[in-house]
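Scroll down for the structure; my scribbles are underneath it.
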Amino acid sequence: MHRPVRRHRRLATALAVTLAVTAAAASASVPASASVPASASVPTVAAAPAAVVADVAPVAVSPDALLIGTGPSGFLSRVASGEQRTYSWTRYGGATTVLPPAPYYRGSRYSDLVVQVAGSGHQSSFPVFDMAAGGDPVVVDTAFLGPTATLLQAVGDALLLRTTEATGQSLHLVSRQPQGETVHRRITGLPVDAKELVTQLTAPGVLAVRYTGTADGRTGQRLAVVDLTTAKAVDDRAVASATGAAVASATHVAWVERLADGRSVVVAALRGSATTSRYTLPAQTGTVSLGLLDDWVTYTVTGGATAEGPNPLHPLTALSLKDHRTAVKVLDSTAMVMGGANGALVQGGTLAKGEGFYRIAPGADGLPAATMVATSKVPTALTDTRVEIPDMDFRKAASWAPIHWWLSRPQARVDVVLVHRRTGQRWSTFMGASAAVPDGGFATEWNGVFGDFSAALNGEYTWTLTARPENGIGPALTRTGTVRVDSGTAPHDYSDKGSPDLLARTAAGRLVSYDVRQLRSPWITDWDLTDRGAGWNVYDRLVATGDLAGSKYADLVARDRTGVLWLYLGTGPSLAKRTSVGGGWQVYDMLTAGSDLTGDGRPDLLATDRSGTLWLYKATGDTAKPFAPRKRIGGGWGGYDKLVATGNIGGGPAGDLLARDRNGVLWQYLGKGDGTFAPRTRIGGGWQRYGDIVAVGDGNKDGRPDLLVDDAYEIGPDSLGFYTGTGDWKAPFSGRTKLYTQGPLGELHPTLF
């Protein structure tokens, strides 16, 4: 049975502050506009948050804490870890009390009461804790309301419950007096067919109720203001297209309506007045939360700190209800907005102070301002803790260099740029949050290949990491530094990148080169040519020798038409000025170099004279005198029209030699390491079709020399082929792979070496 109405002893002190409520918001993206009284203009939000009001030092809360209740003495928060939930009451500036284990607790607004809930709120009694007074909980019996009774929240010293009846729904206030007597009051003034009741305690003693029901013969959506002192609806009005809940204070009501185009409009009015002010919000996604603070209405979309996209309503913004134009950004992001005994309590953050719980109240200038009362020690702005970009080593095949960056949150777009300081060549990518790099780690890696599939240049790089918050809150974060890349060296590397280059002399006499790694990529349709200058037509022989002088870089020799041999020392990315080796070299019809035939670690030069004698020029490592006097190897070499010093292709102790006879058969001569060769072995026939056979060195970084050939029978962009070295002298090369280059070599009519 219903008990008589008793006066409540612990109703909270009246304040002109509302708690936040939610209203469904539009998801369409449309231009922002505003609909306001004729004398008002569209409000402009200040560019920066209002100054944080000084107060007592904020207490520390867990970064995972969620604000779920507030009262005059403190606030209720919850930390969830899997299925386990820990509820704590924290006094402002003071101690924290962990509540006894229970499935759920419900907090209040403007009250220090905390209600223990077993499940969804359908239960016959509720333990209620007074966190200001302490002590054991008081059990409030609600069984008399029947099985449809659902707990909504604590209001003052009472519990607010909703029941469902045959014609509609009703609201009830139930409390327990110190003597143990249960006091029940049914809220009156709502239609008997009221249903879909959505309630919010939006100021002390003021309950906003949005519902669907019939008044004055018309059925539709309505908004009522309930005076909790009298338990009666004292202000009831029709609202069009209202979404979500609504707010009310001692002086104002406000709600959100949705337009036909999907935009949301904040509607505000004085209590008892039919005149409304309307403010069309910027297009946004998410749910709009409203609040009332004296003569200000606040709006926000919560969840900005972890949002994966920008939203103009992520900040908590206060709009003046006096001039309808002044707007102040109070917080940069929000997670939960509630009422509070000393001002609205909001979980959110500012770029200056970070994430935590803030009290929102008028400052000294009368504008709404935020005071931090609890800090989670989590920044609102995107920050970082460390970067790991070690020096990069690409000397081995399939090498990957890691790049790690630890940020304060995973919702960020991270771009990486590496720039070679000498050439300006760039590599860029983006990083993603990585489970392999815990604690906020972002990760990517580089395999030492530029976007055009050319190999990474040796030397120093400048790296730049840029992280942009996906939620659009705060500035981008940039870090920069330097890192060294070691791609190694290669016998046929003329660009200082550890990858062999194909050298070519064009018909016009220009020397150009191409990265063999780039040539082998099936995705490249236009090669990146390095032009090394004109005038090379003065030479009738060009030979890529490898490192003759001991500088670790590949060198080159060229014979002019008078028989003088010239040495071009490699400097890494280029060639030094030529020096003369000596004259008389016109007696030779074939020159080749690149194999260490004597076992001293330096590539040697081979030459055949017109009588068919093969001569060995051992490299000395002396730039002034690069070759020792020649040594005769033997005669009978006149039957060959092509000699190619390949390096060690057979897996033996020294470099080897290939020779093509005039019938197109390719023969292999395995070096013994003393300047002589083992008896020749046949590789195969049909090699007469190749105009050039180039020992390019290790083109695929498997540790074995390879061959690149130019098919004289196949005119056009598909003439190049690649033979991969196997390391097996019995079958030293795998089958030919065609290089689908679509490149300019055919147009240049080059000689390859």
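Note on naming: chains are A, B, ... as they come in the structure tokens, residues start from 1 per chain, ligands start from 1 in the order shown.
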Could you list, as a PDB file with all heavy atoms, in the first residue's frame, every residue within 9 Å of range 679-689 of chain A, counting only C-alpha atoms and ignoring same-chain residues fewer than 3 positions away?
```
ATOM      1  N   ARG A 660      82.342 -17.543 -74.778  1.00  0.00           N
ATOM      2  CA  ARG A 660      81.385 -17.964 -75.807  1.00  0.00           C
ATOM      3  C   ARG A 660      82.135 -18.181 -77.109  1.00  0.00           C
ATOM      4  O   ARG A 660      82.860 -17.289 -77.578  1.00  0.00           O
ATOM      5  CB  ARG A 660      80.306 -16.904 -75.997  1.00  0.00           C
ATOM      6  CG  ARG A 660      79.239 -17.320 -77.011  1.00  0.00           C
ATOM      7  CD  ARG A 660      78.218 -16.220 -77.208  1.00  0.00           C
ATOM      8  NE  ARG A 660      78.802 -15.036 -77.829  1.00  0.00           N
ATOM      9  CZ  ARG A 660      78.136 -13.878 -78.002  1.00  0.00           C
ATOM     10  NH1 ARG A 660      76.897 -13.770 -77.560  1.00  0.00           N
ATOM     11  NH2 ARG A 660      78.733 -12.850 -78.577  1.00  0.00           N
ATOM     12  N   ASP A 661      81.946 -19.388 -77.660  1.00  0.00           N
ATOM     13  CA  ASP A 661      82.619 -19.641 -78.934  1.00  0.00           C
ATOM     14  C   ASP A 661      81.788 -19.084 -80.079  1.00  0.00           C
ATOM     15  O   ASP A 661      80.667 -18.595 -79.894  1.00  0.00           O
ATOM     16  CB  ASP A 661      82.953 -21.125 -79.097  1.00  0.00           C
ATOM     17  CG  ASP A 661      81.719 -22.018 -79.222  1.00  0.00           C
ATOM     18  OD1 ASP A 661      80.649 -21.531 -79.661  1.00  0.00           O
ATOM     19  OD2 ASP A 661      81.827 -23.212 -78.885  1.00  0.00           O
ATOM     20  N   ARG A 662      82.333 -19.201 -81.276  1.00  0.00           N
ATOM     21  CA  ARG A 662      81.691 -18.549 -82.416  1.00  0.00           C
ATOM     22  C   ARG A 662      80.478 -19.313 -82.921  1.00  0.00           C
ATOM     23  O   ARG A 662      79.768 -18.844 -83.812  1.00  0.00           O
ATOM     24  CB  ARG A 662      82.715 -18.342 -83.529  1.00  0.00           C
ATOM     25  CG  ARG A 662      83.879 -17.466 -83.044  1.00  0.00           C
ATOM     26  CD  ARG A 662      84.855 -17.098 -84.136  1.00  0.00           C
ATOM     27  NE  ARG A 662      86.030 -16.428 -83.565  1.00  0.00           N
ATOM     28  CZ  ARG A 662      86.069 -15.144 -83.218  1.00  0.00           C
ATOM     29  NH1 ARG A 662      85.000 -14.379 -83.403  1.00  0.00           N
ATOM     30  NH2 ARG A 662      87.178 -14.618 -82.712  1.00  0.00           N
ATOM     31  N   ASN A 663      80.213 -20.480 -82.337  1.00  0.00           N
ATOM     32  CA  ASN A 663      78.996 -21.228 -82.628  1.00  0.00           C
ATOM     33  C   ASN A 663      77.886 -20.939 -81.610  1.00  0.00           C
ATOM     34  O   ASN A 663      76.816 -21.532 -81.678  1.00  0.00           O
ATOM     35  CB  ASN A 663      79.291 -22.727 -82.649  1.00  0.00           C
ATOM     36  CG  ASN A 663      80.217 -23.113 -83.776  1.00  0.00           C
ATOM     37  OD1 ASN A 663      80.066 -22.613 -84.907  1.00  0.00           O
ATOM     38  ND2 ASN A 663      81.173 -23.994 -83.501  1.00  0.00           N
ATOM     39  N   GLY A 664      78.163 -20.053 -80.654  1.00  0.00           N
ATOM     40  CA  GLY A 664      77.158 -19.690 -79.660  1.00  0.00           C
ATOM     41  C   GLY A 664      77.139 -20.569 -78.439  1.00  0.00           C
ATOM     42  O   GLY A 664      76.226 -20.449 -77.599  1.00  0.00           O
ATOM     43  N   VAL A 665      78.144 -21.449 -78.281  1.00  0.00           N
ATOM     44  CA  VAL A 665      78.204 -22.296 -77.083  1.00  0.00           C
ATOM     45  C   VAL A 665      78.936 -21.541 -75.983  1.00  0.00           C
ATOM     46  O   VAL A 665      80.009 -20.958 -76.213  1.00  0.00           O
ATOM     47  CB  VAL A 665      78.916 -23.629 -77.376  1.00  0.00           C
ATOM     48  CG1 VAL A 665      79.046 -24.463 -76.106  1.00  0.00           C
ATOM     49  CG2 VAL A 665      78.156 -24.394 -78.453  1.00  0.00           C
ATOM     50  N   LEU A 666      78.346 -21.566 -74.782  1.00  0.00           N
ATOM     51  CA  LEU A 666      78.954 -20.911 -73.634  1.00  0.00           C
ATOM     52  C   LEU A 666      79.694 -21.950 -72.799  1.00  0.00           C
ATOM     53  O   LEU A 666      79.144 -23.003 -72.452  1.00  0.00           O
ATOM     54  CB  LEU A 666      77.885 -20.214 -72.775  1.00  0.00           C
ATOM     55  CG  LEU A 666      78.407 -19.279 -71.682  1.00  0.00           C
ATOM     56  CD1 LEU A 666      79.120 -18.072 -72.306  1.00  0.00           C
ATOM     57  CD2 LEU A 666      77.255 -18.804 -70.789  1.00  0.00           C
ATOM     58  N   TRP A 667      80.986 -21.614 -72.487  1.00  0.00           N
ATOM     59  CA  TRP A 667      81.850 -22.522 -71.735  1.00  0.00           C
ATOM     60  C   TRP A 667      82.234 -21.885 -70.400  1.00  0.00           C
ATOM     61  O   TRP A 667      82.348 -20.667 -70.286  1.00  0.00           O
ATOM     62  CB  TRP A 667      83.118 -22.839 -72.539  1.00  0.00           C
ATOM     63  CG  TRP A 667      82.825 -23.517 -73.847  1.00  0.00           C
ATOM     64  CD1 TRP A 667      82.571 -22.922 -75.040  1.00  0.00           C
ATOM     65  CD2 TRP A 667      82.759 -24.922 -74.069  1.00  0.00           C
ATOM     66  NE1 TRP A 667      82.343 -23.859 -76.023  1.00  0.00           N
ATOM     67  CE2 TRP A 667      82.458 -25.108 -75.459  1.00  0.00           C
ATOM     68  CE3 TRP A 667      82.920 -26.059 -73.272  1.00  0.00           C
ATOM     69  CZ2 TRP A 667      82.313 -26.375 -76.032  1.00  0.00           C
ATOM     70  CZ3 TRP A 667      82.793 -27.306 -73.854  1.00  0.00           C
ATOM     71  CH2 TRP A 667      82.490 -27.465 -75.206  1.00  0.00           C
ATOM     72  N   GLN A 668      82.444 -22.738 -69.434  1.00  0.00           N
ATOM     73  CA  GLN A 668      82.824 -22.298 -68.098  1.00  0.00           C
ATOM     74  C   GLN A 668      84.266 -22.714 -67.797  1.00  0.00           C
ATOM     75  O   GLN A 668      84.639 -23.879 -67.990  1.00  0.00           O
ATOM     76  CB  GLN A 668      81.882 -22.919 -67.048  1.00  0.00           C
ATOM     77  CG  GLN A 668      82.244 -22.638 -65.602  1.00  0.00           C
ATOM     78  CD  GLN A 668      81.299 -23.323 -64.634  1.00  0.00           C
ATOM     79  OE1 GLN A 668      80.668 -22.693 -63.811  1.00  0.00           O
ATOM     80  NE2 GLN A 668      81.183 -24.649 -64.752  1.00  0.00           N
ATOM     81  N   TYR A 669      85.060 -21.724 -67.305  1.00  0.00           N
ATOM     82  CA  TYR A 669      86.421 -21.988 -66.843  1.00  0.00           C
ATOM     83  C   TYR A 669      86.476 -21.666 -65.350  1.00  0.00           C
ATOM     84  O   TYR A 669      86.385 -20.492 -64.967  1.00  0.00           O
ATOM     85  CB  TYR A 669      87.435 -21.127 -67.603  1.00  0.00           C
ATOM     86  CG  TYR A 669      87.689 -21.572 -69.022  1.00  0.00           C
ATOM     87  CD1 TYR A 669      86.877 -21.129 -70.064  1.00  0.00           C
ATOM     88  CD2 TYR A 669      88.736 -22.435 -69.324  1.00  0.00           C
ATOM     89  CE1 TYR A 669      87.113 -21.529 -71.375  1.00  0.00           C
ATOM     90  CE2 TYR A 669      88.975 -22.849 -70.630  1.00  0.00           C
ATOM     91  CZ  TYR A 669      88.162 -22.390 -71.646  1.00  0.00           C
ATOM     92  OH  TYR A 669      88.395 -22.784 -72.951  1.00  0.00           O
ATOM     93  N   LEU A 670      86.611 -22.689 -64.530  1.00  0.00           N
ATOM     94  CA  LEU A 670      86.677 -22.490 -63.090  1.00  0.00           C
ATOM     95  C   LEU A 670      88.095 -22.113 -62.689  1.00  0.00           C
ATOM     96  O   LEU A 670      89.067 -22.798 -63.048  1.00  0.00           O
ATOM     97  CB  LEU A 670      86.254 -23.752 -62.345  1.00  0.00           C
ATOM     98  CG  LEU A 670      84.810 -24.206 -62.567  1.00  0.00           C
ATOM     99  CD1 LEU A 670      84.539 -25.507 -61.817  1.00  0.00           C
ATOM    100  CD2 LEU A 670      83.827 -23.126 -62.123  1.00  0.00           C
ATOM    101  N   ASP A 710      71.413  -9.154 -73.038  1.00  0.00           N
ATOM    102  CA  ASP A 710      70.600  -8.345 -73.948  1.00  0.00           C
ATOM    103  C   ASP A 710      70.419  -9.132 -75.238  1.00  0.00           C
ATOM    104  O   ASP A 710      71.400  -9.468 -75.919  1.00  0.00           O
ATOM    105  CB  ASP A 710      71.296  -7.016 -74.228  1.00  0.00           C
ATOM    106  CG  ASP A 710      70.427  -6.091 -75.066  1.00  0.00           C
ATOM    107  OD1 ASP A 710      69.197  -6.281 -75.066  1.00  0.00           O
ATOM    108  OD2 ASP A 710      70.979  -5.188 -75.717  1.00  0.00           O
ATOM    109  N   ASP A 711      69.176  -9.456 -75.549  1.00  0.00           N
ATOM    110  CA  ASP A 711      68.861 -10.316 -76.684  1.00  0.00           C
ATOM    111  C   ASP A 711      68.872  -9.495 -77.970  1.00  0.00           C
ATOM    112  O   ASP A 711      67.990  -8.666 -78.203  1.00  0.00           O
ATOM    113  CB  ASP A 711      67.494 -10.959 -76.462  1.00  0.00           C
ATOM    114  CG  ASP A 711      67.235 -12.111 -77.411  1.00  0.00           C
ATOM    115  OD1 ASP A 711      67.853 -12.129 -78.488  1.00  0.00           O
ATOM    116  OD2 ASP A 711      66.421 -12.983 -77.065  1.00  0.00           O
ATOM    117  N   ALA A 712      69.864  -9.747 -78.812  1.00  0.00           N
ATOM    118  CA  ALA A 712      69.969  -9.002 -80.073  1.00  0.00           C
ATOM    119  C   ALA A 712      68.871  -9.386 -81.051  1.00  0.00           C
ATOM    120  O   ALA A 712      68.600  -8.655 -82.010  1.00  0.00           O
ATOM    121  CB  ALA A 712      71.336  -9.244 -80.703  1.00  0.00           C
ATOM    122  N   TYR A 713      68.224 -10.540 -80.857  1.00  0.00           N
ATOM    123  CA  TYR A 713      67.177 -10.990 -81.769  1.00  0.00           C
ATOM    124  C   TYR A 713      65.796 -10.426 -81.399  1.00  0.00           C
ATOM    125  O   TYR A 713      64.850 -10.572 -82.167  1.00  0.00           O
ATOM    126  CB  TYR A 713      67.087 -12.517 -81.775  1.00  0.00           C
ATOM    127  CG  TYR A 713      68.285 -13.229 -82.359  1.00  0.00           C
ATOM    128  CD1 TYR A 713      68.324 -14.618 -82.393  1.00  0.00           C
ATOM    129  CD2 TYR A 713      69.362 -12.521 -82.892  1.00  0.00           C
ATOM    130  CE1 TYR A 713      69.423 -15.293 -82.930  1.00  0.00           C
ATOM    131  CE2 TYR A 713      70.465 -13.178 -83.427  1.00  0.00           C
ATOM    132  CZ  TYR A 713      70.495 -14.563 -83.434  1.00  0.00           C
ATOM    133  OH  TYR A 713      71.573 -15.218 -83.961  1.00  0.00           O
ATOM    134  N   GLU A 714      65.712  -9.861 -80.231  1.00  0.00           N
ATOM    135  CA  GLU A 714      64.397  -9.395 -79.753  1.00  0.00           C
ATOM    136  C   GLU A 714      64.468  -7.893 -79.558  1.00  0.00           C
ATOM    137  O   GLU A 714      65.011  -7.401 -78.567  1.00  0.00           O
ATOM    138  CB  GLU A 714      64.031 -10.089 -78.443  1.00  0.00           C
ATOM    139  CG  GLU A 714      62.589  -9.844 -78.020  1.00  0.00           C
ATOM    140  CD  GLU A 714      62.161 -10.789 -76.898  1.00  0.00           C
ATOM    141  OE1 GLU A 714      62.856 -11.796 -76.672  1.00  0.00           O
ATOM    142  OE2 GLU A 714      61.130 -10.506 -76.269  1.00  0.00           O
ATOM    143  N   TRP A 729      78.742 -25.582 -59.923  1.00  0.00           N
ATOM    144  CA  TRP A 729      79.506 -25.493 -61.162  1.00  0.00           C
ATOM    145  C   TRP A 729      78.953 -26.403 -62.257  1.00  0.00           C
ATOM    146  O   TRP A 729      79.160 -26.147 -63.447  1.00  0.00           O
ATOM    147  CB  TRP A 729      80.979 -25.836 -60.905  1.00  0.00           C
ATOM    148  CG  TRP A 729      81.238 -27.285 -60.549  1.00  0.00           C
ATOM    149  CD1 TRP A 729      81.219 -27.846 -59.328  1.00  0.00           C
ATOM    150  CD2 TRP A 729      81.545 -28.327 -61.477  1.00  0.00           C
ATOM    151  NE1 TRP A 729      81.487 -29.178 -59.401  1.00  0.00           N
ATOM    152  CE2 TRP A 729      81.707 -29.508 -60.714  1.00  0.00           C
ATOM    153  CE3 TRP A 729      81.708 -28.392 -62.869  1.00  0.00           C
ATOM    154  CZ2 TRP A 729      82.017 -30.730 -61.295  1.00  0.00           C
ATOM    155  CZ3 TRP A 729      82.025 -29.607 -63.444  1.00  0.00           C
ATOM    156  CH2 TRP A 729      82.178 -30.764 -62.664  1.00  0.00           C
ATOM    157  N   LYS A 730      78.205 -27.419 -61.864  1.00  0.00           N
ATOM    158  CA  LYS A 730      77.634 -28.318 -62.862  1.00  0.00           C
ATOM    159  C   LYS A 730      76.469 -27.672 -63.612  1.00  0.00           C
ATOM    160  O   LYS A 730      76.212 -28.003 -64.775  1.00  0.00           O
ATOM    161  CB  LYS A 730      77.160 -29.602 -62.206  1.00  0.00           C
ATOM    162  CG  LYS A 730      78.285 -30.420 -61.567  1.00  0.00           C
ATOM    163  CD  LYS A 730      77.732 -31.657 -60.900  1.00  0.00           C
ATOM    164  CE  LYS A 730      78.842 -32.458 -60.226  1.00  0.00           C
ATOM    165  NZ  LYS A 730      78.308 -33.662 -59.528  1.00  0.00           N
ATOM    166  N   ALA A 731      75.782 -26.789 -62.948  1.00  0.00           N
ATOM    167  CA  ALA A 731      74.679 -26.038 -63.573  1.00  0.00           C
ATOM    168  C   ALA A 731      74.694 -24.648 -62.951  1.00  0.00           C
ATOM    169  O   ALA A 731      73.923 -24.336 -62.040  1.00  0.00           O
ATOM    170  CB  ALA A 731      73.338 -26.724 -63.332  1.00  0.00           C
ATOM    171  N   PRO A 732      75.591 -23.787 -63.390  1.00  0.00           N
ATOM    172  CA  PRO A 732      75.858 -22.532 -62.674  1.00  0.00           C
ATOM    173  C   PRO A 732      74.746 -21.495 -62.745  1.00  0.00           C
ATOM    174  O   PRO A 732      74.745 -20.572 -61.930  1.00  0.00           O
ATOM    175  CB  PRO A 732      77.127 -22.011 -63.349  1.00  0.00           C
ATOM    176  CG  PRO A 732      77.136 -22.644 -64.701  1.00  0.00           C
ATOM    177  CD  PRO A 732      76.507 -23.987 -64.530  1.00  0.00           C
ATOM    178  N   PHE A 733      73.798 -21.649 -63.681  1.00  0.00           N
ATOM    179  CA  PHE A 733      72.742 -20.642 -63.801  1.00  0.00           C
ATOM    180  C   PHE A 733      71.382 -21.311 -63.930  1.00  0.00           C
ATOM    181  O   PHE A 733      71.242 -22.367 -64.557  1.00  0.00           O
ATOM    182  CB  PHE A 733      72.972 -19.743 -65.020  1.00  0.00           C
ATOM    183  CG  PHE A 733      74.267 -18.984 -64.963  1.00  0.00           C
ATOM    184  CD1 PHE A 733      75.333 -19.350 -65.775  1.00  0.00           C
ATOM    185  CD2 PHE A 733      74.420 -17.927 -64.091  1.00  0.00           C
ATOM    186  CE1 PHE A 733      76.526 -18.671 -65.722  1.00  0.00           C
ATOM    187  CE2 PHE A 733      75.621 -17.235 -64.034  1.00  0.00           C
ATOM    188  CZ  PHE A 733      76.683 -17.615 -64.837  1.00  0.00           C
TER     189      PHE A 733
END
```
Who sits within 9 Å of Ser62 in chain A, only C-alpha atoms, same chain under 5 positions skipped, as a list in words: Val79, Thr375, Ser376 and Lys377 of chain A
What does the file look like for those residues with N, CA and C atoms, as a PDB file, in the first residue's frame?
```
ATOM      1  N   VAL A  79      36.133   1.128 -12.418  1.00  0.00           N
ATOM      2  CA  VAL A  79      37.209   0.608 -13.255  1.00  0.00           C
ATOM      3  C   VAL A  79      36.850  -0.819 -13.614  1.00  0.00           C
ATOM      4  N   THR A 375      42.752  13.738 -11.715  1.00  0.00           N
ATOM      5  CA  THR A 375      43.547  13.537 -12.923  1.00  0.00           C
ATOM      6  C   THR A 375      43.800  12.055 -13.151  1.00  0.00           C
ATOM      7  N   SER A 376      43.654  11.640 -14.389  1.00  0.00           N
ATOM      8  CA  SER A 376      43.992  10.266 -14.761  1.00  0.00           C
ATOM      9  C   SER A 376      45.424  10.171 -15.277  1.00  0.00           C
ATOM     10  N   LYS A 377      46.105  11.330 -15.308  1.00  0.00           N
ATOM     11  CA  LYS A 377      47.492  11.406 -15.770  1.00  0.00           C
ATOM     12  C   LYS A 377      47.639  10.896 -17.202  1.00  0.00           C
TER      13      LYS A 377
END
```
Residue neighbourhood Ala224 in chain A, 12 Å, only C-alpha atoms, exclusion window fewer than 6 positions, as an MDAnalysis selection string: chainID A and resid 187:191 194 197:200 206:213 215 232:239 245:249 252:255 271:272
Long-range neighbours of Pro438 in chain A as a VMD selection string, 12 Å cut-off, only C-alpha atoms, 6 positions minimum in chain: chain A and resid 404 to 410
Interatomic distance (Å, one decimal) between CA of Gly639 in chain A and CA of Gln586 in chain A: 19.1 Å
Using DSSP on the backbone coordinates, identify the residues of range 288-346 of chain A assigned to strand (DSSP E); present them as a compact mmCIF listing (two decimals) with N, CA, C and O atoms, in the first residue's frame.
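Result went into selection.txt, see below:
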```txt
# COMPACT_ATOMS: atom_id res chain seq x y z
N VAL A 288 24.39 13.77 -29.02
CA VAL A 288 24.61 15.07 -28.40
C VAL A 288 24.19 15.02 -26.94
O VAL A 288 23.09 14.56 -26.61
N SER A 289 25.07 15.48 -26.05
CA SER A 289 24.76 15.61 -24.63
C SER A 289 24.53 17.08 -24.30
O SER A 289 25.31 17.94 -24.71
N LEU A 290 23.46 17.35 -23.56
CA LEU A 290 23.10 18.71 -23.18
C LEU A 290 23.27 18.91 -21.68
O LEU A 290 23.22 17.96 -20.90
N GLY A 291 23.43 20.16 -21.29
CA GLY A 291 23.46 20.53 -19.89
C GLY A 291 23.03 21.97 -19.74
O GLY A 291 23.05 22.75 -20.71
N LEU A 292 22.62 22.36 -18.55
CA LEU A 292 22.27 23.74 -18.25
C LEU A 292 23.10 24.20 -17.06
O LEU A 292 23.23 23.49 -16.05
N LEU A 293 23.69 25.38 -17.18
CA LEU A 293 24.52 25.96 -16.14
C LEU A 293 24.15 27.43 -16.03
O LEU A 293 24.55 28.25 -16.84
N TRP A 296 23.48 29.36 -19.20
CA TRP A 296 24.24 28.77 -20.29
C TRP A 296 23.69 27.38 -20.58
O TRP A 296 23.31 26.66 -19.67
N VAL A 297 23.65 27.03 -21.87
CA VAL A 297 23.36 25.66 -22.25
C VAL A 297 24.66 25.07 -22.82
O VAL A 297 25.36 25.72 -23.58
N THR A 298 24.99 23.87 -22.40
CA THR A 298 26.22 23.22 -22.89
C THR A 298 25.85 22.08 -23.81
O THR A 298 24.81 21.44 -23.65
N TYR A 299 26.72 21.82 -24.77
CA TYR A 299 26.49 20.69 -25.67
C TYR A 299 27.84 20.06 -26.02
O TYR A 299 28.88 20.71 -26.05
N THR A 300 27.80 18.76 -26.29
CA THR A 300 29.00 18.01 -26.64
C THR A 300 28.60 16.66 -27.19
O THR A 300 27.46 16.21 -27.00
N VAL A 301 29.51 16.00 -27.89
CA VAL A 301 29.43 14.58 -28.21
C VAL A 301 30.57 13.91 -27.46
O VAL A 301 31.74 14.25 -27.67
N LEU A 316 33.41 20.41 -25.14
CA LEU A 316 32.26 20.85 -24.35
C LEU A 316 32.14 22.35 -24.55
O LEU A 316 33.04 23.11 -24.18
N THR A 317 31.04 22.77 -25.16
CA THR A 317 30.84 24.17 -25.50
C THR A 317 29.65 24.71 -24.73
O THR A 317 28.61 24.05 -24.64
N ALA A 318 29.81 25.91 -24.16
CA ALA A 318 28.73 26.58 -23.43
C ALA A 318 28.24 27.76 -24.26
O ALA A 318 29.04 28.58 -24.72
N LEU A 319 26.92 27.84 -24.46
CA LEU A 319 26.30 28.88 -25.26
C LEU A 319 25.42 29.74 -24.36
O LEU A 319 24.60 29.23 -23.58
N SER A 320 25.59 31.05 -24.44
CA SER A 320 24.84 31.96 -23.59
C SER A 320 23.37 31.98 -23.97
O SER A 320 23.01 32.12 -25.14
N THR A 326 27.22 34.40 -27.54
CA THR A 326 28.50 34.12 -26.89
C THR A 326 28.64 32.63 -26.64
O THR A 326 27.76 32.00 -26.04
N ALA A 327 29.75 32.07 -27.11
CA ALA A 327 30.02 30.65 -26.92
C ALA A 327 31.44 30.48 -26.40
O ALA A 327 32.36 31.17 -26.85
N VAL A 328 31.63 29.56 -25.47
CA VAL A 328 32.93 29.33 -24.85
C VAL A 328 33.23 27.84 -24.91
O VAL A 328 32.40 27.01 -24.51
N LYS A 329 34.42 27.51 -25.42
CA LYS A 329 34.86 26.11 -25.37
C LYS A 329 35.45 25.87 -23.99
O LYS A 329 36.49 26.42 -23.64
N VAL A 330 34.82 24.98 -23.22
CA VAL A 330 35.22 24.77 -21.83
C VAL A 330 36.20 23.62 -21.72
O VAL A 330 37.16 23.68 -20.96
N LEU A 331 35.96 22.53 -22.45
CA LEU A 331 36.86 21.39 -22.49
C LEU A 331 37.11 21.02 -23.94
O LEU A 331 36.28 21.26 -24.82
N SER A 333 37.62 17.79 -24.90
CA SER A 333 36.96 16.51 -25.14
C SER A 333 36.19 16.13 -23.90
O SER A 333 36.47 16.61 -22.80
N THR A 334 35.19 15.26 -24.07
CA THR A 334 34.39 14.80 -22.94
C THR A 334 34.16 13.30 -23.05
O THR A 334 34.16 12.74 -24.14
N ALA A 335 33.98 12.67 -21.89
CA ALA A 335 33.64 11.25 -21.84
C ALA A 335 32.34 11.02 -21.09
O ALA A 335 31.58 10.10 -21.40
N MET A 336 32.06 11.85 -20.06
CA MET A 336 30.83 11.73 -19.26
C MET A 336 30.55 13.09 -18.65
O MET A 336 31.46 13.76 -18.17
N VAL A 337 29.28 13.51 -18.71
CA VAL A 337 28.89 14.81 -18.17
C VAL A 337 27.78 14.58 -17.15
O VAL A 337 26.79 13.93 -17.44
N MET A 338 27.98 15.14 -15.93
CA MET A 338 27.02 14.92 -14.86
C MET A 338 26.80 16.23 -14.10
O MET A 338 27.58 17.17 -14.21
N ALA A 344 28.63 21.39 -12.42
CA ALA A 344 28.59 20.17 -13.20
C ALA A 344 29.95 19.48 -13.16
O ALA A 344 30.99 20.12 -13.26
N LEU A 345 29.95 18.16 -13.01
CA LEU A 345 31.19 17.39 -13.01
C LEU A 345 31.27 16.65 -14.34
O LEU A 345 30.34 15.92 -14.70
N VAL A 346 32.37 16.84 -15.03
CA VAL A 346 32.53 16.30 -16.38
C VAL A 346 33.82 15.50 -16.44
O VAL A 346 34.87 15.96 -15.98
```
From A:Thr530, A:Thr429, A:Thr306, A:Thr506, residue lying nearest Pro469 in chain A [only C-alpha atoms]: A:Thr306
Residue with smallest distance to Asp112 in chain A - pool A:Thr90, A:Thr571, A:Thr350, A:Ser734, counting only C-alpha atoms: A:Thr90
Near-range 593-600 of chain A list (9 Å; only C-alpha atoms; drop same-chain fewer than 4 positions) as a PyMOL selection string: chain A and resi 491-492+543-548+604-607+616+618-619+644-648+653-657+671-677+695+697
